[in-house]
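Student: Below is the file structure02.txt, with compact mmCIF, C-alpha atoms and all ligand atoms.
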```
# COMPACT_ATOMS: atom_id res chain seq x y z
CA MET A 71 -20.46 -56.41 37.67
CA SER A 72 -23.61 -55.56 35.67
CA ALA A 73 -23.39 -53.71 32.36
CA MET A 74 -24.99 -50.68 34.02
CA ASP A 75 -22.47 -50.68 36.90
CA ALA A 76 -19.66 -50.89 34.35
CA ALA A 77 -21.16 -47.95 32.44
CA LEU A 78 -21.39 -45.88 35.64
CA ASP A 79 -17.76 -46.74 36.44
CA ARG A 80 -16.74 -45.57 32.97
CA ILE A 81 -18.52 -42.26 33.59
CA ALA A 82 -16.72 -41.79 36.94
CA ASN A 83 -13.36 -42.71 35.37
CA SER A 84 -13.74 -40.06 32.69
CA TYR A 85 -13.17 -37.35 35.35
CA ASP A 86 -9.49 -36.59 35.74
CA HIS A 87 -9.21 -35.83 39.46
CA TRP A 88 -9.62 -38.64 42.01
CA LEU A 89 -11.85 -36.46 44.20
CA GLN A 90 -14.18 -35.86 41.25
CA ARG A 91 -14.21 -39.60 40.48
CA ARG A 92 -15.23 -40.35 44.09
CA TYR A 93 -17.88 -37.65 43.97
CA VAL A 94 -19.29 -38.93 40.67
CA GLN A 95 -19.35 -42.56 41.88
CA GLY A 96 -21.27 -41.57 45.01
CA LYS A 97 -23.62 -39.26 43.15
CA LEU A 98 -24.50 -41.79 40.45
CA ALA A 99 -25.01 -44.51 43.08
CA ALA A 100 -27.26 -42.49 45.38
CA ASP A 101 -29.06 -39.88 43.32
CA PRO A 102 -32.24 -41.12 41.63
CA ALA A 103 -32.66 -37.98 39.47
CA TYR A 104 -30.64 -39.24 36.48
CA ALA A 105 -32.52 -42.56 36.22
CA ALA A 106 -35.85 -40.76 36.72
CA THR A 107 -35.03 -38.36 33.87
CA ALA A 108 -33.90 -41.20 31.59
CA ALA A 109 -37.14 -43.09 32.27
CA LEU A 110 -39.21 -40.01 31.40
CA VAL A 111 -37.51 -39.16 28.09
CA LYS A 112 -36.60 -42.57 26.72
CA GLU A 113 -39.87 -43.08 24.85
CA ARG A 114 -39.82 -39.51 23.50
CA PRO A 115 -36.59 -39.02 21.55
CA LEU A 116 -36.10 -35.24 21.37
CA PRO A 117 -33.06 -32.98 21.85
CA LEU A 118 -32.48 -32.16 25.52
CA LEU A 119 -31.34 -28.90 27.10
CA ASP A 120 -29.85 -29.36 30.59
CA ILE A 121 -29.84 -25.97 32.34
CA GLY A 122 -27.37 -25.80 35.25
CA CYS A 123 -25.73 -29.01 34.05
CA GLY A 124 -22.74 -28.76 36.41
CA ILE A 125 -20.02 -31.18 35.27
CA GLY A 126 -22.31 -32.81 32.69
CA LEU A 127 -23.29 -35.96 34.57
CA LEU A 128 -26.82 -36.15 33.20
CA GLY A 129 -25.59 -36.05 29.60
CA GLN A 130 -23.11 -38.88 30.21
CA TYR A 131 -25.77 -40.90 32.06
CA LEU A 132 -28.34 -40.50 29.28
CA HIS A 133 -25.75 -41.43 26.68
CA ALA A 134 -24.80 -44.57 28.66
CA GLN A 135 -28.50 -45.50 28.71
CA GLY A 136 -28.77 -44.88 24.97
CA VAL A 137 -31.57 -42.37 25.37
CA THR A 138 -30.14 -39.14 23.99
CA THR A 139 -30.67 -37.71 20.57
CA ARG A 140 -28.93 -34.37 21.01
CA TYR A 141 -27.74 -33.10 24.41
CA LEU A 142 -26.70 -29.54 25.30
CA GLY A 143 -25.74 -28.72 28.88
CA VAL A 144 -25.24 -25.12 29.97
CA ASP A 145 -23.89 -23.81 33.26
CA SER A 146 -22.87 -20.39 34.52
CA ASP A 147 -19.84 -21.86 36.36
CA ALA A 148 -16.96 -22.02 33.86
CA ARG A 149 -14.92 -24.34 36.12
CA LYS A 150 -17.63 -26.97 36.03
CA ILE A 151 -18.02 -26.72 32.26
CA ASP A 152 -14.22 -27.09 31.85
CA THR A 153 -14.25 -30.17 34.09
CA GLY A 154 -17.20 -31.62 32.17
CA ASN A 155 -15.57 -30.96 28.79
CA ARG A 156 -12.31 -32.60 29.89
CA ALA A 157 -14.34 -35.66 30.93
CA LEU A 158 -16.16 -35.72 27.58
CA ARG A 159 -12.82 -35.65 25.75
CA LEU A 160 -11.43 -38.48 27.90
CA ALA A 161 -14.60 -40.51 27.28
CA GLY A 162 -14.43 -39.79 23.54
CA LEU A 163 -17.84 -38.11 23.72
CA ASP A 164 -16.85 -34.52 22.91
CA GLY A 165 -18.35 -34.81 19.43
CA VAL A 166 -21.54 -36.37 20.79
CA LEU A 167 -22.54 -34.33 23.87
CA GLN A 168 -22.15 -30.57 24.15
CA LEU A 169 -21.39 -28.51 27.26
CA ARG A 170 -21.37 -24.74 27.07
CA HIS A 171 -20.54 -21.99 29.56
CA ALA A 172 -23.68 -19.82 29.58
CA ASP A 173 -26.27 -18.41 31.92
CA GLY A 174 -29.49 -20.39 32.06
CA MET A 175 -31.37 -17.28 30.92
CA ALA A 176 -29.67 -17.27 27.51
CA THR A 177 -31.53 -18.50 24.45
CA GLN A 178 -30.03 -21.71 23.04
CA PRO A 179 -30.40 -23.14 19.52
CA ILE A 180 -32.23 -26.24 20.71
CA ARG A 181 -35.89 -27.18 21.29
CA GLY A 182 -36.99 -30.39 22.95
CA HIS A 183 -36.99 -31.51 26.58
CA VAL A 184 -35.61 -29.16 29.23
CA VAL A 185 -34.12 -30.32 32.52
CA LEU A 186 -33.33 -28.32 35.67
CA LEU A 187 -31.76 -30.57 38.32
CA ASP A 188 -31.07 -28.81 41.63
CA VAL A 189 -30.72 -25.37 40.11
CA LEU A 190 -33.71 -23.25 41.06
CA HIS A 191 -32.90 -22.59 44.72
CA TYR A 192 -29.61 -20.92 43.76
CA LEU A 193 -31.63 -18.08 42.23
CA PRO A 194 -33.83 -15.52 43.97
CA ARG A 195 -37.56 -15.94 43.54
CA GLU A 196 -37.89 -13.61 40.54
CA GLY A 197 -34.82 -15.22 38.93
CA GLN A 198 -36.47 -18.62 39.30
CA ARG A 199 -39.61 -17.40 37.59
CA ALA A 200 -37.58 -15.99 34.70
CA LEU A 201 -35.51 -19.17 34.40
CA ILE A 202 -38.64 -21.31 34.28
CA ASP A 203 -40.12 -19.03 31.60
CA ASN A 204 -36.92 -19.47 29.59
CA ALA A 205 -37.03 -23.25 30.08
CA VAL A 206 -40.65 -23.35 28.88
CA ALA A 207 -39.66 -21.33 25.79
CA HIS A 208 -37.22 -24.15 24.85
CA LEU A 209 -39.84 -26.93 24.97
CA ALA A 210 -40.72 -28.58 21.67
CA PRO A 211 -44.20 -30.04 21.09
CA GLY A 212 -44.21 -33.24 23.15
CA GLY A 213 -41.22 -32.01 25.17
CA LEU A 214 -41.11 -32.39 28.93
CA LEU A 215 -39.86 -29.88 31.46
CA VAL A 216 -38.23 -31.95 34.22
CA ILE A 217 -37.34 -30.15 37.44
CA ARG A 218 -35.79 -31.77 40.48
CA ASN A 219 -35.60 -29.51 43.50
CA VAL A 220 -35.90 -29.05 47.21
CA LEU A 221 -39.35 -27.67 47.96
CA ARG A 222 -40.07 -25.41 50.92
CA GLU A 223 -42.07 -27.38 53.47
CA ARG A 224 -42.17 -28.33 57.12
CA SER A 225 -40.17 -31.55 57.37
CA TRP A 226 -36.94 -32.87 58.88
CA ARG A 227 -35.68 -33.58 55.35
CA TYR A 228 -36.14 -29.94 54.44
CA ALA A 229 -34.26 -28.81 57.59
CA LEU A 230 -31.40 -31.24 56.89
CA THR A 231 -31.19 -30.12 53.25
CA ARG A 232 -30.87 -26.49 54.29
CA ILE A 233 -27.97 -27.38 56.58
CA SER A 234 -26.21 -29.37 53.84
CA GLU A 235 -26.69 -26.48 51.39
CA PHE A 236 -24.96 -24.21 53.90
CA PHE A 237 -21.90 -26.51 53.95
CA LEU A 238 -21.88 -26.85 50.14
CA SER A 239 -21.66 -23.10 49.80
CA ALA A 240 -19.12 -22.73 52.68
CA SER A 241 -16.89 -25.37 51.01
CA GLY A 242 -16.80 -23.39 47.75
CA TRP A 243 -18.32 -26.21 45.64
CA MET A 244 -21.29 -23.92 45.02
CA ARG A 245 -20.15 -20.37 44.27
CA VAL A 246 -23.52 -18.89 45.22
CA GLY A 247 -25.47 -20.28 48.15
CA ALA A 248 -29.18 -21.09 48.18
CA GLN A 249 -31.31 -17.95 47.69
CA HIS A 250 -34.90 -19.09 47.81
CA TYR A 251 -36.54 -22.49 48.22
CA PRO A 252 -39.65 -22.61 46.03
CA SER A 253 -42.86 -24.08 47.39
CA GLU A 254 -44.91 -26.64 45.49
CA LEU A 255 -47.61 -24.01 45.01
CA GLU A 256 -45.19 -21.47 43.48
CA LEU A 257 -43.96 -23.96 40.89
CA ARG A 258 -47.31 -25.51 40.12
CA SER A 259 -49.09 -22.18 39.67
CA GLN A 260 -46.44 -20.82 37.26
CA LEU A 261 -46.31 -24.00 35.19
CA GLU A 262 -50.08 -24.41 35.00
CA ALA A 263 -50.47 -20.72 34.08
CA ALA A 264 -48.10 -21.49 31.16
CA GLY A 265 -50.54 -24.19 30.03
CA LEU A 266 -48.48 -27.16 31.24
CA ILE A 267 -49.97 -30.24 32.88
CA THR A 268 -47.87 -30.64 36.00
CA THR A 269 -47.18 -33.56 38.30
CA ILE A 270 -45.06 -33.35 41.44
CA ARG A 271 -43.83 -36.33 43.45
CA PRO A 272 -41.19 -36.99 46.11
CA LEU A 273 -37.83 -38.24 44.83
CA HIS A 274 -35.76 -38.71 47.96
CA GLY A 275 -34.17 -41.99 46.81
CA ASN A 276 -31.65 -43.42 49.30
CA THR A 277 -30.77 -39.98 50.58
CA PRO A 278 -31.97 -38.18 53.70
CA PHE A 279 -32.46 -35.00 51.67
CA ASP A 280 -35.61 -33.23 50.58
CA SER A 281 -36.14 -33.74 46.86
CA TYR A 282 -39.10 -33.57 44.50
CA LEU A 283 -39.54 -34.35 40.84
CA VAL A 284 -41.68 -31.91 38.89
CA VAL A 285 -42.72 -32.95 35.38
CA ALA A 286 -44.58 -30.48 33.18
CA GLU A 287 -45.90 -31.02 29.71
CA ARG A 288 -48.14 -29.26 27.27
CA GLY A 289 -51.63 -30.74 26.99
CA LYS A 290 -52.45 -32.18 23.57
C1 LIG B 301 -26.21 -28.45 42.53
S1 LIG B 301 -25.57 -28.12 40.94
C2 LIG B 301 -26.49 -29.29 39.96
C3 LIG B 301 -25.71 -29.78 38.76
C4 LIG B 301 -26.44 -30.74 37.84
N1 LIG B 301 -27.72 -30.21 37.42
C5 LIG B 301 -26.62 -32.10 38.47
O1 LIG B 301 -27.66 -32.35 39.08
O2 LIG B 301 -25.71 -32.94 38.35
C6 LIG B 301 -26.37 -26.60 40.46
C7 LIG B 301 -25.77 -25.99 39.22
O3 LIG B 301 -26.57 -24.89 38.79
C8 LIG B 301 -25.68 -23.93 38.23
N2 LIG B 301 -26.38 -22.64 38.12
C9 LIG B 301 -26.84 -21.87 39.13
N3 LIG B 301 -27.41 -20.75 38.63
C10 LIG B 301 -27.31 -20.84 37.28
C11 LIG B 301 -27.72 -19.99 36.21
N4 LIG B 301 -28.33 -18.82 36.41
N5 LIG B 301 -27.48 -20.39 34.95
C12 LIG B 301 -26.84 -21.59 34.70
N6 LIG B 301 -26.42 -22.41 35.69
C13 LIG B 301 -26.66 -22.05 36.96
C14 LIG B 301 -24.51 -23.94 39.18
O4 LIG B 301 -23.34 -23.37 38.62
C15 LIG B 301 -24.36 -25.44 39.46
O5 LIG B 301 -23.47 -26.08 38.57
```
How does this structure look as structure tokens?
Ligand SMILES: C[S@@+](CC[C@H](N)C(=O)[O-])C[C@H]1O[C@@H](n2cnc3c(N)ncnc32)[C@H](O)[C@@H]1O

Tutor:
Amino acid sequence: MSAMDAALDRIANSYDHWLQRRYVQGKLAADPAYAATAALVKERPLPLLDIGCGIGLLGQYLHAQGVTTRYLGVDSDARKIDTGNRALRLAGLDGVLQLRHADGMATQPIRGHVVLLDVLHYLPREGQRALIDNAVAHLAPGGLLVIRNVLRERSWRYALTRISEFFLSASGWMRVGAQHYPSELELRSQLEAAGLITTIRPLHGNTPFDSYLVVAERGK
């Protein structure tokens, strides 16, 4: 087993319920968003705010890769934050990584990179705009805003993703179902109007789902 596989196993084993461990193993194996984020921030050591952090997987992944300075994850679902905090305690990382129950619109005492992985479509269009404005307000000079999201488009991936989102919400894993899928144009125009240089590329990985990586940074 490689050192990275062992590190991913340790992350999965820090979750106390077997179903969560299975979920985390599958997610870390299949989802390219965590590695993509690590690759983007590793040469730019800044604090990182993870809005809609869920059970805190990104923080644990970045720590395992040795690329975090300070990490704060916030999520409006208290159950997920409790689960994430229990995992941090089990992993002995509760003094290193921070998870906090809070709405993504709240101001946090941290400036650096900001990450929004699979969060935007759970908000209505105006909520998304406000959340992005709040994310931009937390960027430090040199900080990156990293967004991974489904984008509204005509494709079989998009259709399949909408169906899977329906089941996620019906199962209760997501308390609020998808509200609005942003288009590439919506995101790009808001970010560029905020003065950020924006690149958008597909990030489907080994999944059949629709997924894009949006990276926005202030010009020098
Ligand atoms: C699909 S999960 C993604 C979790 C995590 N970002 C990841 O990729 O591992 C979306 C998360 O966004 C959170 N969320 C949705 N709206 C939010 C808001 N207004 N403020 C903070 N978190 C929010 C949900 O509670 C959920 O945990």

Student: Taking only residues of range 112-231 of chain A that have an atom at most 8 Å from an atom of range 277-281 of chain A, what is each one's shortest atom pair and its distance in Å to one decimal, using all atoms listed in the file, in chain and number order, as JSON lines?

Tutor:
```
{"residue": "A:Arg218", "atom": "CA", "partner": "A:Ser281", "partner_atom": "CA", "distance": 6.7}
{"residue": "A:Asn219", "atom": "CA", "partner": "A:Ser281", "partner_atom": "CA", "distance": 5.4}
{"residue": "A:Val220", "atom": "CA", "partner": "A:Ser281", "partner_atom": "CA", "distance": 4.7}
{"residue": "A:Leu221", "atom": "CA", "partner": "A:Ser281", "partner_atom": "CA", "distance": 7.0}
{"residue": "A:Arg227", "atom": "CA", "partner": "A:Asp280", "partner_atom": "CA", "distance": 4.8}
{"residue": "A:Tyr228", "atom": "CA", "partner": "A:Asp280", "partner_atom": "CA", "distance": 5.1}
{"residue": "A:Leu230", "atom": "CA", "partner": "A:Phe279", "partner_atom": "CA", "distance": 6.5}
{"residue": "A:Thr231", "atom": "CA", "partner": "A:Phe279", "partner_atom": "CA", "distance": 5.3}
```

Student: Would you mind listing what lies within 12 Å of range 158-171 of chain A as a PyMOL selection string, with all atoms listed in the file counted and same-chain residues fewer than 6 positions away left out?

Tutor: chain A and resi 77+79-86+117-134+136+138-152+178-180

Student: Between A:Val137, A:Leu186, A:Val111, A:Ala76, single out the one closest to ligand LIG 301 (chain B), counting only C-alpha atoms and all ligand atoms.

Tutor: A:Leu186

Student: Could you give me the centre and size, in Å to one decimal, of an axis-aligned box around all listed atoms of ligand LIG 301 (chain B) with 4 Å added on every side, as lines of an AutoDock Vina configuration file?

Tutor:
```
center_x = -25.8
center_y = -25.9
center_z = 38.6
size_x = 13.0
size_y = 22.1
size_z = 15.8
```

Student: For CA of Ala248 in chain A and atom C2 of ligand LIG 301 (chain B), determine how far apart the two atoms are, in Å to one decimal place.

Tutor: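 Going from CA of Ala248 in chain A over to atom C2 of ligand LIG 301 (chain B), I get 11.9 Å.
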
Student: Identify which of the residues A:Ala229, A:Ala176, A:Leu266, A:Ala109 lies closest to ligand LIG 301 (chain B), counting only C-alpha atoms and all ligand atoms when measuring atom-to-atom distances.

Tutor: A:Ala176

Student: Quick one, how far is CA of Thr153 in chain A from CA of Val189 in chain A?

Tutor: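 CA of Thr153 in chain A sits 18.2 Å away from CA of Val189 in chain A.
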
Student: State, in Å with one decimal place, the distance from CA of Leu261 in chain A to CA of Tyr282 in chain A.

Tutor: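 Between these atoms lies a distance of 15.2 Å.
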
Student: Range 190-201 of chain A: which residues within 9 Å, counting only C-alpha atoms, same-chain residues fewer than 2 positions away excluded, as a list in words?

Tutor: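 Skipping anything fewer than 2 positions along the chain leaves Gly122, Gly174, Met175, Leu186, Leu187, Asp188, Asp203, Asn204, Ala205, Val206, Ile217, Arg218, Asn219, Val220, Leu221, Met244, Val246, Gly247, Ala248, Gln249, His250, Tyr251, Pro252, Leu257 and Gln260 of chain A.
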
Student: Selected residues, C-alpha atoms, written as a PDB file, in the coordinates of the input, please.

Tutor:
```
ATOM      1  CA  GLY A 122     -27.370 -25.800  35.250  1.00  0.00           C
ATOM      2  CA  GLY A 174     -29.490 -20.390  32.060  1.00  0.00           C
ATOM      3  CA  MET A 175     -31.370 -17.280  30.920  1.00  0.00           C
ATOM      4  CA  LEU A 186     -33.330 -28.320  35.670  1.00  0.00           C
ATOM      5  CA  LEU A 187     -31.760 -30.570  38.320  1.00  0.00           C
ATOM      6  CA  ASP A 188     -31.070 -28.810  41.630  1.00  0.00           C
ATOM      7  CA  ASP A 203     -40.120 -19.030  31.600  1.00  0.00           C
ATOM      8  CA  ASN A 204     -36.920 -19.470  29.590  1.00  0.00           C
ATOM      9  CA  ALA A 205     -37.030 -23.250  30.080  1.00  0.00           C
ATOM     10  CA  VAL A 206     -40.650 -23.350  28.880  1.00  0.00           C
ATOM     11  CA  ILE A 217     -37.340 -30.150  37.440  1.00  0.00           C
ATOM     12  CA  ARG A 218     -35.790 -31.770  40.480  1.00  0.00           C
ATOM     13  CA  ASN A 219     -35.600 -29.510  43.500  1.00  0.00           C
ATOM     14  CA  VAL A 220     -35.900 -29.050  47.210  1.00  0.00           C
ATOM     15  CA  LEU A 221     -39.350 -27.670  47.960  1.00  0.00           C
ATOM     16  CA  MET A 244     -21.290 -23.920  45.020  1.00  0.00           C
ATOM     17  CA  VAL A 246     -23.520 -18.890  45.220  1.00  0.00           C
ATOM     18  CA  GLY A 247     -25.470 -20.280  48.150  1.00  0.00           C
ATOM     19  CA  ALA A 248     -29.180 -21.090  48.180  1.00  0.00           C
ATOM     20  CA  GLN A 249     -31.310 -17.950  47.690  1.00  0.00           C
ATOM     21  CA  HIS A 250     -34.900 -19.090  47.810  1.00  0.00           C
ATOM     22  CA  TYR A 251     -36.540 -22.490  48.220  1.00  0.00           C
ATOM     23  CA  PRO A 252     -39.650 -22.610  46.030  1.00  0.00           C
ATOM     24  CA  LEU A 257     -43.960 -23.960  40.890  1.00  0.00           C
ATOM     25  CA  GLN A 260     -46.440 -20.820  37.260  1.00  0.00           C
TER      26      GLN A 260
END
```

Student: Between A:Val184, A:Ala264, A:Leu98, A:Leu273, which one has atoms that come closest to Ala210 in chain A, using all atoms listed in the file?

Tutor: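 Using all atoms listed in the file, the shortest distance to Ala210 in chain A belongs to A:Val184.
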